[in-house]
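The next block is input-v3.cif, given as mmCIF, C-alpha atoms and all ligand atoms.
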data_input
#
loop_
_atom_site.group_PDB
_atom_site.id
_atom_site.type_symbol
_atom_site.label_atom_id
_atom_site.label_comp_id
_atom_site.auth_asym_id
_atom_site.auth_seq_id
_atom_site.Cartn_x
_atom_site.Cartn_y
_atom_site.Cartn_z
ATOM 1 C CA MET A 173 143.913 -109.531 -65.221
ATOM 2 C CA SER A 174 143.825 -113.097 -64.005
ATOM 3 C CA PRO A 175 146.206 -115.668 -65.515
ATOM 4 C CA VAL A 176 143.085 -117.685 -66.374
ATOM 5 C CA GLU A 177 141.824 -115.019 -68.803
ATOM 6 C CA GLU A 178 145.276 -114.560 -70.285
ATOM 7 C CA GLY A 179 145.554 -118.295 -70.848
ATOM 8 C CA ALA A 180 142.121 -118.335 -72.479
ATOM 9 C CA VAL A 181 143.233 -115.692 -75.007
ATOM 10 C CA ALA A 182 146.347 -117.699 -75.853
ATOM 11 C CA GLY A 183 144.295 -120.877 -76.285
ATOM 12 C CA ARG A 184 141.667 -119.262 -78.477
ATOM 13 C CA LEU A 185 144.338 -117.538 -80.549
ATOM 14 C CA ALA A 186 146.052 -120.871 -81.197
ATOM 15 C CA GLU A 187 142.724 -122.325 -82.275
ATOM 16 C CA VAL A 188 141.988 -119.436 -84.664
ATOM 17 C CA ARG A 189 145.462 -119.780 -86.175
ATOM 18 C CA ALA A 190 144.936 -123.507 -86.670
ATOM 19 C CA ARG A 191 141.608 -122.841 -88.410
ATOM 20 C CA ILE A 192 143.253 -120.227 -90.672
ATOM 21 C CA ALA A 193 145.977 -122.732 -91.551
ATOM 22 C CA ALA A 194 143.409 -125.415 -92.366
ATOM 23 C CA ALA A 195 141.367 -123.023 -94.540
ATOM 24 C CA ALA A 196 144.526 -121.888 -96.338
ATOM 25 C CA GLY A 197 145.442 -125.526 -96.901
ATOM 26 C CA ARG A 198 142.058 -126.273 -98.461
ATOM 27 C CA ALA A 199 142.596 -123.376 -100.890
ATOM 28 C CA GLY A 200 146.216 -124.311 -101.650
ATOM 29 C CA ARG A 201 147.423 -121.118 -100.003
ATOM 30 C CA ASP A 202 150.315 -120.433 -97.651
ATOM 31 C CA PRO A 203 148.870 -119.430 -94.243
ATOM 32 C CA ALA A 204 151.754 -116.952 -93.920
ATOM 33 C CA GLU A 205 149.940 -114.840 -96.553
ATOM 34 C CA VAL A 206 147.176 -114.156 -94.044
ATOM 35 C CA THR A 207 147.635 -111.460 -91.401
ATOM 36 C CA LEU A 208 145.472 -111.946 -88.342
ATOM 37 C CA VAL A 209 144.240 -108.656 -86.889
ATOM 38 C CA GLY A 210 142.839 -109.110 -83.380
ATOM 39 C CA VAL A 211 139.921 -106.703 -83.024
ATOM 40 C CA SER A 212 140.190 -105.480 -79.446
ATOM 41 C CA LYS A 213 137.317 -102.971 -79.498
ATOM 42 C CA ARG A 214 135.429 -102.794 -76.216
ATOM 43 C CA MET A 215 138.049 -105.069 -74.672
ATOM 44 C CA PRO A 216 140.134 -103.864 -71.731
ATOM 45 C CA VAL A 217 143.794 -102.911 -72.132
ATOM 46 C CA ALA A 218 144.884 -106.039 -70.244
ATOM 47 C CA LEU A 219 143.182 -108.294 -72.763
ATOM 48 C CA ALA A 220 144.716 -106.452 -75.734
ATOM 49 C CA VAL A 221 148.121 -106.848 -74.065
ATOM 50 C CA ALA A 222 147.427 -110.554 -73.479
ATOM 51 C CA GLY A 223 146.694 -110.929 -77.197
ATOM 52 C CA VAL A 224 150.044 -109.412 -78.140
ATOM 53 C CA ARG A 225 151.888 -111.488 -75.551
ATOM 54 C CA ALA A 226 150.216 -114.565 -77.040
ATOM 55 C CA GLY A 227 151.636 -113.656 -80.442
ATOM 56 C CA LEU A 228 149.356 -111.133 -82.196
ATOM 57 C CA HIS A 229 151.315 -108.459 -84.087
ATOM 58 C CA ASP A 230 148.271 -106.519 -85.285
ATOM 59 C CA LEU A 231 145.287 -105.135 -83.385
ATOM 60 C CA GLY A 232 142.206 -103.354 -84.666
ATOM 61 C CA GLU A 233 139.903 -100.754 -83.130
ATOM 62 C CA ASN A 234 136.793 -99.053 -84.399
ATOM 63 C CA TYR A 235 136.236 -96.130 -82.048
ATOM 64 C CA VAL A 236 138.726 -93.240 -82.092
ATOM 65 C CA GLN A 237 137.603 -92.174 -78.635
ATOM 66 C CA GLU A 238 138.419 -95.551 -77.119
ATOM 67 C CA ALA A 239 141.684 -95.854 -79.055
ATOM 68 C CA ARG A 240 142.883 -92.524 -77.678
ATOM 69 C CA GLU A 241 143.182 -94.145 -74.271
ATOM 70 C CA LYS A 242 143.904 -97.741 -75.173
ATOM 71 C CA ILE A 243 146.713 -97.349 -77.708
ATOM 72 C CA PRO A 244 149.015 -95.260 -75.479
ATOM 73 C CA ALA A 245 148.223 -97.536 -72.518
ATOM 74 C CA VAL A 246 149.177 -100.650 -74.492
ATOM 75 C CA ALA A 247 152.311 -98.891 -75.784
ATOM 76 C CA GLU A 248 153.351 -98.011 -72.270
ATOM 77 C CA ILE A 249 153.103 -101.637 -71.146
ATOM 78 C CA LEU A 250 154.622 -103.260 -74.220
ATOM 79 C CA GLY A 251 157.175 -100.662 -75.379
ATOM 80 C CA GLU A 252 159.011 -101.978 -78.429
ATOM 81 C CA ASP A 253 156.665 -104.964 -78.641
ATOM 82 C CA ALA A 254 153.627 -102.752 -79.247
ATOM 83 C CA PRO A 255 151.453 -104.012 -82.111
ATOM 84 C CA ARG A 256 150.516 -102.358 -85.378
ATOM 85 C CA TRP A 257 147.122 -100.686 -85.035
ATOM 86 C CA HIS A 258 144.451 -100.854 -87.726
ATOM 87 C CA TYR A 259 141.476 -98.522 -87.728
ATOM 88 C CA VAL A 260 138.451 -100.485 -88.955
ATOM 89 C CA GLY A 261 135.493 -98.313 -87.907
ATOM 90 C CA ALA A 262 133.442 -95.568 -89.465
ATOM 91 C CA LEU A 263 135.530 -92.399 -89.453
ATOM 92 C CA GLN A 264 134.300 -88.828 -89.264
ATOM 93 C CA ARG A 265 136.405 -86.210 -90.937
ATOM 94 C CA ASN A 266 136.911 -84.316 -87.696
ATOM 95 C CA LYS A 267 138.587 -87.420 -86.210
ATOM 96 C CA ALA A 268 141.059 -87.793 -89.086
ATOM 97 C CA LYS A 269 143.854 -86.022 -87.251
ATOM 98 C CA ASP A 270 143.562 -88.347 -84.256
ATOM 99 C CA ALA A 271 143.299 -91.390 -86.493
ATOM 100 C CA VAL A 272 146.545 -90.439 -88.264
ATOM 101 C CA ALA A 273 148.284 -89.863 -84.950
ATOM 102 C CA LEU A 274 147.136 -93.173 -83.430
ATOM 103 C CA PHE A 275 146.926 -95.744 -86.219
ATOM 104 C CA ASP A 276 149.374 -97.417 -88.575
ATOM 105 C CA VAL A 277 146.703 -98.291 -91.139
ATOM 106 C CA VAL A 278 143.198 -96.936 -91.807
ATOM 107 C CA GLN A 279 141.065 -99.654 -93.412
ATOM 108 C CA SER A 280 137.827 -97.709 -93.670
ATOM 109 C CA VAL A 281 138.290 -95.007 -96.315
ATOM 110 C CA ASP A 282 134.956 -94.845 -98.135
ATOM 111 C CA ARG A 283 134.740 -91.329 -99.588
ATOM 112 C CA ALA A 284 136.988 -88.795 -101.274
ATOM 113 C CA SER A 285 136.431 -86.063 -98.683
ATOM 114 C CA LEU A 286 137.730 -88.383 -95.952
ATOM 115 C CA ALA A 287 140.666 -89.480 -98.130
ATOM 116 C CA ARG A 288 141.657 -85.848 -98.713
ATOM 117 C CA GLU A 289 141.512 -85.002 -95.026
ATOM 118 C CA LEU A 290 143.528 -88.080 -94.007
ATOM 119 C CA ALA A 291 146.108 -87.256 -96.693
ATOM 120 C CA ARG A 292 146.373 -83.673 -95.501
ATOM 121 C CA ARG A 293 146.870 -84.781 -91.888
ATOM 122 C CA ALA A 294 149.348 -87.495 -92.852
ATOM 123 C CA GLU A 295 151.429 -85.075 -94.904
ATOM 124 C CA ALA A 296 151.436 -82.597 -92.050
ATOM 125 C CA ALA A 297 152.755 -85.401 -89.838
ATOM 126 C CA GLY A 298 155.423 -86.271 -92.415
ATOM 127 C CA ARG A 299 153.881 -89.662 -93.172
ATOM 128 C CA ARG A 300 152.442 -91.621 -96.026
ATOM 129 C CA LEU A 301 149.443 -93.363 -94.514
ATOM 130 C CA PRO A 302 148.582 -96.888 -95.678
ATOM 131 C CA VAL A 303 144.840 -97.115 -96.310
ATOM 132 C CA HIS A 304 142.229 -99.557 -97.532
ATOM 133 C CA LEU A 305 139.142 -98.605 -99.481
ATOM 134 C CA GLN A 306 136.051 -99.917 -97.712
ATOM 135 C CA LEU A 307 133.495 -101.353 -100.132
ATOM 136 C CA ASN A 308 129.825 -101.832 -99.438
ATOM 137 C CA LEU A 309 128.956 -104.962 -101.378
ATOM 138 C CA SER A 310 125.684 -105.735 -99.649
ATOM 139 C CA GLY A 311 123.806 -102.935 -101.404
ATOM 140 C CA GLU A 312 122.346 -101.581 -98.183
ATOM 141 C CA PRO A 313 122.616 -97.814 -98.672
ATOM 142 C CA GLN A 314 122.740 -97.038 -94.947
ATOM 143 C CA LYS A 315 125.843 -99.193 -94.484
ATOM 144 C CA ALA A 316 129.351 -97.780 -94.444
ATOM 145 C CA GLY A 317 131.453 -98.284 -97.512
ATOM 146 C CA CYS A 318 131.738 -97.076 -101.054
ATOM 147 C CA ALA A 319 129.448 -98.604 -103.693
ATOM 148 C CA PRO A 320 131.355 -100.793 -106.166
ATOM 149 C CA ALA A 321 130.359 -98.503 -109.045
ATOM 150 C CA GLU A 322 132.114 -95.622 -107.267
ATOM 151 C CA ALA A 323 135.276 -97.510 -106.357
ATOM 152 C CA GLU A 324 137.186 -96.394 -109.442
ATOM 153 C CA ALA A 325 136.440 -92.743 -108.760
ATOM 154 C CA LEU A 326 137.487 -93.117 -105.126
ATOM 155 C CA LEU A 327 140.750 -94.779 -106.144
ATOM 156 C CA ALA A 328 141.368 -91.997 -108.676
ATOM 157 C CA ALA A 329 140.798 -89.398 -105.949
ATOM 158 C CA CYS A 330 143.337 -91.171 -103.714
ATOM 159 C CA ALA A 331 145.853 -91.558 -106.549
ATOM 160 C CA GLY A 332 146.515 -87.832 -106.545
ATOM 161 C CA LEU A 333 147.197 -87.670 -102.790
ATOM 162 C CA PRO A 334 150.853 -88.088 -101.806
ATOM 163 C CA GLY A 335 149.868 -88.541 -98.139
ATOM 164 C CA LEU A 336 148.068 -91.839 -98.830
ATOM 165 C CA GLU A 337 149.027 -95.222 -100.208
ATOM 166 C CA VAL A 338 146.095 -97.465 -101.128
ATOM 167 C CA GLN A 339 147.223 -100.906 -100.047
ATOM 168 C CA GLY A 340 143.974 -102.824 -99.816
ATOM 169 C CA LEU A 341 140.243 -103.263 -100.009
ATOM 170 C CA MET A 342 138.074 -103.966 -96.992
ATOM 171 C CA THR A 343 134.506 -105.122 -96.651
ATOM 172 C CA LEU A 344 132.101 -105.776 -93.821
ATOM 173 C CA PRO A 345 129.277 -107.934 -95.171
ATOM 174 C CA ALA A 346 125.761 -107.882 -93.810
ATOM 175 C CA PRO A 347 125.470 -110.557 -91.120
ATOM 176 C CA GLY A 348 124.450 -113.917 -92.485
ATOM 177 C CA ASP A 349 125.791 -117.413 -92.511
ATOM 178 C CA ALA A 350 129.367 -117.912 -93.632
ATOM 179 C CA GLU A 351 128.489 -119.599 -96.912
ATOM 180 C CA ALA A 352 126.096 -116.786 -97.858
ATOM 181 C CA VAL A 353 128.982 -114.311 -97.749
ATOM 182 C CA ARG A 354 131.278 -116.381 -99.975
ATOM 183 C CA PRO A 355 130.148 -114.567 -103.177
ATOM 184 C CA VAL A 356 130.691 -111.222 -101.437
ATOM 185 C CA PHE A 357 134.286 -112.168 -100.659
ATOM 186 C CA ALA A 358 134.821 -113.415 -104.226
ATOM 187 C CA ARG A 359 133.489 -110.122 -105.499
ATOM 188 C CA LEU A 360 135.962 -108.116 -103.410
ATOM 189 C CA ARG A 361 138.757 -110.245 -104.856
ATOM 190 C CA ASP A 362 137.561 -109.522 -108.411
ATOM 191 C CA LEU A 363 137.389 -105.810 -107.654
ATOM 192 C CA ARG A 364 140.982 -105.853 -106.443
ATOM 193 C CA GLU A 365 142.104 -107.474 -109.723
ATOM 194 C CA ARG A 366 140.426 -104.704 -111.660
ATOM 195 C CA LEU A 367 141.441 -101.750 -109.487
ATOM 196 C CA ALA A 368 145.062 -102.901 -109.163
ATOM 197 C CA ARG A 369 145.538 -102.156 -112.860
ATOM 198 C CA LEU A 370 144.410 -98.539 -112.554
ATOM 199 C CA PRO A 371 146.432 -95.446 -111.595
ATOM 200 C CA GLY A 372 146.709 -95.382 -107.794
ATOM 201 C CA GLY A 373 146.225 -99.156 -107.602
ATOM 202 C CA GLU A 374 149.930 -100.067 -107.873
ATOM 203 C CA ALA A 375 150.234 -100.962 -104.167
ATOM 204 C CA LEU A 376 146.814 -102.606 -103.924
ATOM 205 C CA ARG A 377 147.427 -106.095 -102.610
ATOM 206 C CA ASP A 378 145.435 -106.660 -99.422
ATOM 207 C CA LEU A 379 141.955 -108.069 -99.100
ATOM 208 C CA SER A 380 140.671 -107.415 -95.587
ATOM 209 C CA MET A 381 137.637 -109.639 -95.175
ATOM 210 C CA GLY A 382 136.391 -112.204 -92.680
ATOM 211 C CA MET A 383 135.499 -111.895 -88.991
ATOM 212 C CA SER A 384 134.852 -114.435 -86.211
ATOM 213 C CA ALA A 385 131.830 -115.948 -87.959
ATOM 214 C CA ASP A 386 133.297 -116.308 -91.426
ATOM 215 C CA PHE A 387 137.090 -115.942 -91.502
ATOM 216 C CA GLU A 388 137.647 -119.459 -92.841
ATOM 217 C CA VAL A 389 135.491 -118.785 -95.906
ATOM 218 C CA ALA A 390 137.310 -115.463 -96.351
ATOM 219 C CA VAL A 391 140.693 -117.217 -96.309
ATOM 220 C CA GLU A 392 139.432 -119.749 -98.851
ATOM 221 C CA GLU A 393 138.397 -116.808 -101.049
ATOM 222 C CA GLY A 394 141.760 -115.057 -100.841
ATOM 223 C CA ALA A 395 141.734 -112.845 -97.729
ATOM 224 C CA THR A 396 145.186 -111.523 -96.837
ATOM 225 C CA ILE A 397 143.857 -109.908 -93.660
ATOM 226 C CA VAL A 398 141.173 -111.302 -91.365
ATOM 227 C CA ARG A 399 139.740 -109.186 -88.533
ATOM 228 C CA VAL A 400 138.820 -111.407 -85.603
ATOM 229 C CA GLY A 401 137.452 -110.152 -82.292
ATOM 230 C CA THR A 402 135.250 -112.411 -80.195
ATOM 231 C CA ALA A 403 136.791 -115.702 -81.376
ATOM 232 C CA ILE A 404 140.071 -114.532 -79.796
ATOM 233 C CA PHE A 405 139.082 -112.249 -76.946
ATOM 234 C CA GLY A 406 135.711 -113.691 -75.956
ATOM 235 C CA PRO A 407 132.427 -111.766 -75.708
ATOM 236 C CA ARG A 408 132.665 -107.969 -75.752
ATOM 237 C CA GLU A 409 131.654 -105.714 -72.881
ATOM 238 C CA SER A 410 128.504 -104.022 -74.093
HETATM 239 C C1 LIG B 1 133.931 -105.750 -84.554
HETATM 240 C C2 LIG B 1 134.550 -105.837 -85.884
HETATM 241 C C3 LIG B 1 135.233 -106.993 -86.286
HETATM 242 C C4 LIG B 1 135.371 -108.233 -85.425
HETATM 243 O O1 LIG B 1 134.137 -108.828 -85.204
HETATM 244 P P1 LIG B 1 134.021 -110.270 -84.477
HETATM 245 O O2 LIG B 1 132.730 -110.783 -84.938
HETATM 246 O O3 LIG B 1 134.075 -110.009 -83.016
HETATM 247 O O4 LIG B 1 135.161 -111.094 -84.934
HETATM 248 C C5 LIG B 1 135.822 -106.995 -87.544
HETATM 249 N N1 LIG B 1 135.736 -105.925 -88.366
HETATM 250 C C6 LIG B 1 135.087 -104.796 -88.014
HETATM 251 C C7 LIG B 1 135.035 -103.658 -88.965
HETATM 252 C C8 LIG B 1 134.464 -104.724 -86.780
HETATM 253 O O5 LIG B 1 133.813 -103.607 -86.444
#
Is it possible to give me this structure as structure tokens?
Ligand SMILES: *Cc1c(COP(=O)(O)O)cnc(C)c1O
Amino acid sequence: MSPVEEGAVAGRLAEVRARIAAAAGRAGRDPAEVTLVGVSKRMPVALAVAGVRAGLHDLGENYVQEAREKIPAVAEILGEDAPRWHYVGALQRNKAKDAVALFDVVQSVDRASLARELARRAEAAGRRLPVHLQLNLSGEPQKAGCAPAEAEALLAACAGLPGLEVQGLMTLPAPGDAEAVRPVFARLRDLRERLARLPGGEALRDLSMGMSADFEVAVEEGATIVRVGTAIFGPRES
């Protein structure tokens, strides 16, 4: 990769961090409470590596197939400096084994059958897998994510699984302008307050919300994780 592209990633990353800090400041929050996950899907290995070299500690992917090649390739280049990998995409049950082998965190658990399979695979690998429950707050039935009314039942299903630890909630709002999604982010925060008091919710602290178009609003509304792709890495290969 050319030094020009690598420099562009570093520059954009610095800008995103400055915008996170400003948003945190407006909300009276410490920017250190916000983990920036660079979403490197459909970006080449060299760009993912450039992101880590520029200071990202966390990367996100949403295709298991692509991650199967990219994650080992990045690990080979970076060794001990390899990032933590977050799975943020829709996950089929038959990919659960690969997801457990490749990822540090799975943010997209939206049904009990998937939770059970991930737990089974994690236990077999001698791990306790950190997961987030993905909520569908836009009410579009075809969208990924658990309906808010079913969140308690999903948490209860996870509570009995020693292979999983529910550490957060994640949402992916329907595209719209950043201000239109503010109530969605506030709603995820309210759900966390409620679910954190229930069995299985003891470790529930993270709110993963906000992408390139709306991460500042998400930080103002309490995000502890923002998932930013194009604002750091530039336009995706299609
Ligand atoms: C692609 C993706 C992102 C990042 O989107 P950008 O608009 O490029 O910042 C974040 N979260 C999920 C789940 C995604 O699939």
### Query
A:Leu333, A:Ala271, A:Ala316, A:Val206: which is nearest ligand LIG 1 (chain B), counting all atoms listed in the file?
A:Ala316
### Task
With a distance cut-off of 7 Å and only C-alpha atoms, select the neighbouring residues of region 360-365 of chain A, excluding the residue or stretch itself and same-chain residues fewer than 3 positions from it, and output the selection as an MDAnalysis selection string.
chainID A and resid 341 356:357 368 379 394
### Summary
Min atom-atom distance to ligand LIG 1 (chain B) from the set A:Val260, A:Ala273, A:Ala323, A:Val209, counting only C-alpha atoms and all ligand atoms, belongs to A:Val260
### Task
List all protein, DNA and RNA residues that have any atom at most 10 Å from ligand LIG 1 (chain B), counting all atoms listed in the file, and write the list as a PyMOL selection string.
chain A and resi 209-214+232-235+258-262+279-280+306+316+342-345+347+380-387+398-408
### Task
Scan for residues within 8 Å of the point (132.7, -92.3, -103.5) in the coordinates of the file, using only C-alpha atoms, and reply as a ChimeraX atom specification.
/A:282-284,318-319,322-323,325-326
So for region 226-235 of chain A, what box centre and size do we get, axis-aligned, 8 Å extra on each of the six sides, every listed atom, Å to one decimal, as AutoDock Vina command-line options?
--center_x 143.9 --center_y -105.3 --center_z -81.2 --size_x 31.4 --size_y 34.4 --size_z 24.2
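In this comparison, which uses only C-alpha atoms, the residue of A:Ala321, A:Ala294, A:Leu376, A:Ile192 approaching Pro334 (chain A) most closely is A:Ala294.
Across the structure, CA of Lys315 (chain A) and CA of Val278 (chain A) are spaced 17.7 Å apart.
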### Task
Could you tell me which residues the PyMOL selection byres (((chain A and resi 242) around 10) and not hetatm) returns for this structure, as a ChimeraX atom specification?
/A:212-218,220,233,236-241,243-248,274
Output file: region 337-363 of chain A, N, CA, C and O atoms, as an mmCIF file, in the first residue's frame:
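Ended up saving to selection.cif:
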data_model
loop_
_atom_site.group_PDB
_atom_site.id
_atom_site.type_symbol
_atom_site.label_atom_id
_atom_site.label_comp_id
_atom_site.auth_asym_id
_atom_site.auth_seq_id
_atom_site.Cartn_x
_atom_site.Cartn_y
_atom_site.Cartn_z
ATOM 1 N N GLU A 337 -20.842 -14.428 27.934
ATOM 2 C CA GLU A 337 -21.048 -13.332 28.883
ATOM 3 C C GLU A 337 -21.652 -12.159 28.120
ATOM 4 O O GLU A 337 -21.023 -11.627 27.200
ATOM 5 N N VAL A 338 -22.849 -11.749 28.505
ATOM 6 C CA VAL A 338 -23.511 -10.637 27.816
ATOM 7 C C VAL A 338 -22.944 -9.326 28.346
ATOM 8 O O VAL A 338 -23.187 -8.940 29.482
ATOM 9 N N GLN A 339 -22.165 -8.677 27.511
ATOM 10 C CA GLN A 339 -21.476 -7.455 27.954
ATOM 11 C C GLN A 339 -22.084 -6.182 27.374
ATOM 12 O O GLN A 339 -21.713 -5.087 27.781
ATOM 13 N N GLY A 340 -22.974 -6.311 26.379
ATOM 14 C CA GLY A 340 -23.471 -5.085 25.788
ATOM 15 C C GLY A 340 -24.724 -5.271 24.957
ATOM 16 O O GLY A 340 -25.214 -6.386 24.766
ATOM 17 N N LEU A 341 -25.216 -4.130 24.497
ATOM 18 C CA LEU A 341 -26.312 -4.083 23.536
ATOM 19 C C LEU A 341 -25.809 -3.366 22.293
ATOM 20 O O LEU A 341 -25.025 -2.417 22.393
ATOM 21 N N MET A 342 -26.273 -3.820 21.145
ATOM 22 C CA MET A 342 -25.860 -3.198 19.888
ATOM 23 C C MET A 342 -27.101 -2.889 19.062
ATOM 24 O O MET A 342 -28.080 -3.635 19.110
ATOM 25 N N THR A 343 -27.051 -1.788 18.331
ATOM 26 C CA THR A 343 -28.129 -1.537 17.383
ATOM 27 C C THR A 343 -27.602 -0.905 16.114
ATOM 28 O O THR A 343 -26.556 -0.260 16.100
ATOM 29 N N LEU A 344 -28.332 -1.136 15.059
ATOM 30 C CA LEU A 344 -27.981 -0.657 13.719
ATOM 31 C C LEU A 344 -29.240 0.006 13.181
ATOM 32 O O LEU A 344 -30.100 -0.652 12.613
ATOM 33 N N PRO A 345 -29.393 1.314 13.413
ATOM 34 C CA PRO A 345 -30.656 1.958 13.043
ATOM 35 C C PRO A 345 -30.855 2.011 11.537
ATOM 36 O O PRO A 345 -29.884 1.946 10.786
ATOM 37 N N ALA A 346 -32.107 2.142 11.131
ATOM 38 C CA ALA A 346 -32.395 2.373 9.722
ATOM 39 C C ALA A 346 -31.702 3.668 9.320
ATOM 40 O O ALA A 346 -31.620 4.605 10.104
ATOM 41 N N PRO A 347 -31.167 3.720 8.093
ATOM 42 C CA PRO A 347 -30.475 4.939 7.670
ATOM 43 C C PRO A 347 -31.408 6.144 7.734
ATOM 44 O O PRO A 347 -32.598 6.042 7.439
ATOM 45 N N GLY A 348 -30.854 7.249 8.157
ATOM 46 C CA GLY A 348 -31.646 8.471 8.256
ATOM 47 C C GLY A 348 -30.687 9.549 8.701
ATOM 48 O O GLY A 348 -29.497 9.261 8.845
ATOM 49 N N ASP A 349 -31.152 10.753 8.931
ATOM 50 C CA ASP A 349 -30.165 11.724 9.373
ATOM 51 C C ASP A 349 -29.862 11.519 10.854
ATOM 52 O O ASP A 349 -30.603 10.861 11.588
ATOM 53 N N ALA A 350 -28.697 12.047 11.253
ATOM 54 C CA ALA A 350 -28.163 11.731 12.579
ATOM 55 C C ALA A 350 -29.131 12.128 13.688
ATOM 56 O O ALA A 350 -29.279 11.411 14.675
ATOM 57 N N GLU A 351 -29.804 13.246 13.537
ATOM 58 C CA GLU A 351 -30.715 13.676 14.600
ATOM 59 C C GLU A 351 -31.935 12.754 14.708
ATOM 60 O O GLU A 351 -32.463 12.534 15.785
ATOM 61 N N ALA A 352 -32.355 12.196 13.552
ATOM 62 C CA ALA A 352 -33.515 11.298 13.577
ATOM 63 C C ALA A 352 -33.226 10.033 14.376
ATOM 64 O O ALA A 352 -34.141 9.402 14.895
ATOM 65 N N VAL A 353 -31.957 9.649 14.483
ATOM 66 C CA VAL A 353 -31.648 8.416 15.213
ATOM 67 C C VAL A 353 -31.391 8.669 16.700
ATOM 68 O O VAL A 353 -31.266 7.720 17.461
ATOM 69 N N ARG A 354 -31.364 9.929 17.106
ATOM 70 C CA ARG A 354 -31.095 10.217 18.524
ATOM 71 C C ARG A 354 -32.064 9.468 19.471
ATOM 72 O O ARG A 354 -31.609 8.836 20.437
ATOM 73 N N PRO A 355 -33.375 9.477 19.197
ATOM 74 C CA PRO A 355 -34.283 8.738 20.096
ATOM 75 C C PRO A 355 -34.026 7.229 20.104
ATOM 76 O O PRO A 355 -34.265 6.569 21.112
ATOM 77 N N VAL A 356 -33.544 6.704 18.974
ATOM 78 C CA VAL A 356 -33.221 5.274 18.917
ATOM 79 C C VAL A 356 -32.057 4.971 19.875
ATOM 80 O O VAL A 356 -32.083 3.997 20.633
ATOM 81 N N PHE A 357 -31.050 5.836 19.842
ATOM 82 C CA PHE A 357 -29.902 5.635 20.727
ATOM 83 C C PHE A 357 -30.322 5.784 22.202
ATOM 84 O O PHE A 357 -29.883 5.020 23.067
ATOM 85 N N ALA A 358 -31.181 6.752 22.471
ATOM 86 C CA ALA A 358 -31.651 6.946 23.855
ATOM 87 C C ALA A 358 -32.428 5.714 24.320
ATOM 88 O O ALA A 358 -32.324 5.290 25.475
ATOM 89 N N ARG A 359 -33.151 5.125 23.394
ATOM 90 C CA ARG A 359 -33.944 3.950 23.740
ATOM 91 C C ARG A 359 -33.047 2.750 24.078
ATOM 92 O O ARG A 359 -33.340 1.970 24.986
ATOM 93 N N LEU A 360 -31.952 2.605 23.337
ATOM 94 C CA LEU A 360 -31.026 1.505 23.638
ATOM 95 C C LEU A 360 -30.431 1.693 25.032
ATOM 96 O O LEU A 360 -30.288 0.742 25.800
ATOM 97 N N ARG A 361 -30.126 2.952 25.357
ATOM 98 C CA ARG A 361 -29.584 3.253 26.688
ATOM 99 C C ARG A 361 -30.605 2.887 27.782
ATOM 100 O O ARG A 361 -30.250 2.266 28.786
ATOM 101 N N ASP A 362 -31.856 3.219 27.566
ATOM 102 C CA ASP A 362 -32.896 2.878 28.554
ATOM 103 C C ASP A 362 -33.036 1.354 28.707
ATOM 104 O O ASP A 362 -33.210 0.850 29.815
ATOM 105 N N LEU A 363 -32.958 0.668 27.575
ATOM 106 C CA LEU A 363 -33.059 -0.797 27.629
ATOM 107 C C LEU A 363 -31.919 -1.398 28.448
ATOM 108 O O LEU A 363 -32.114 -2.340 29.211
#
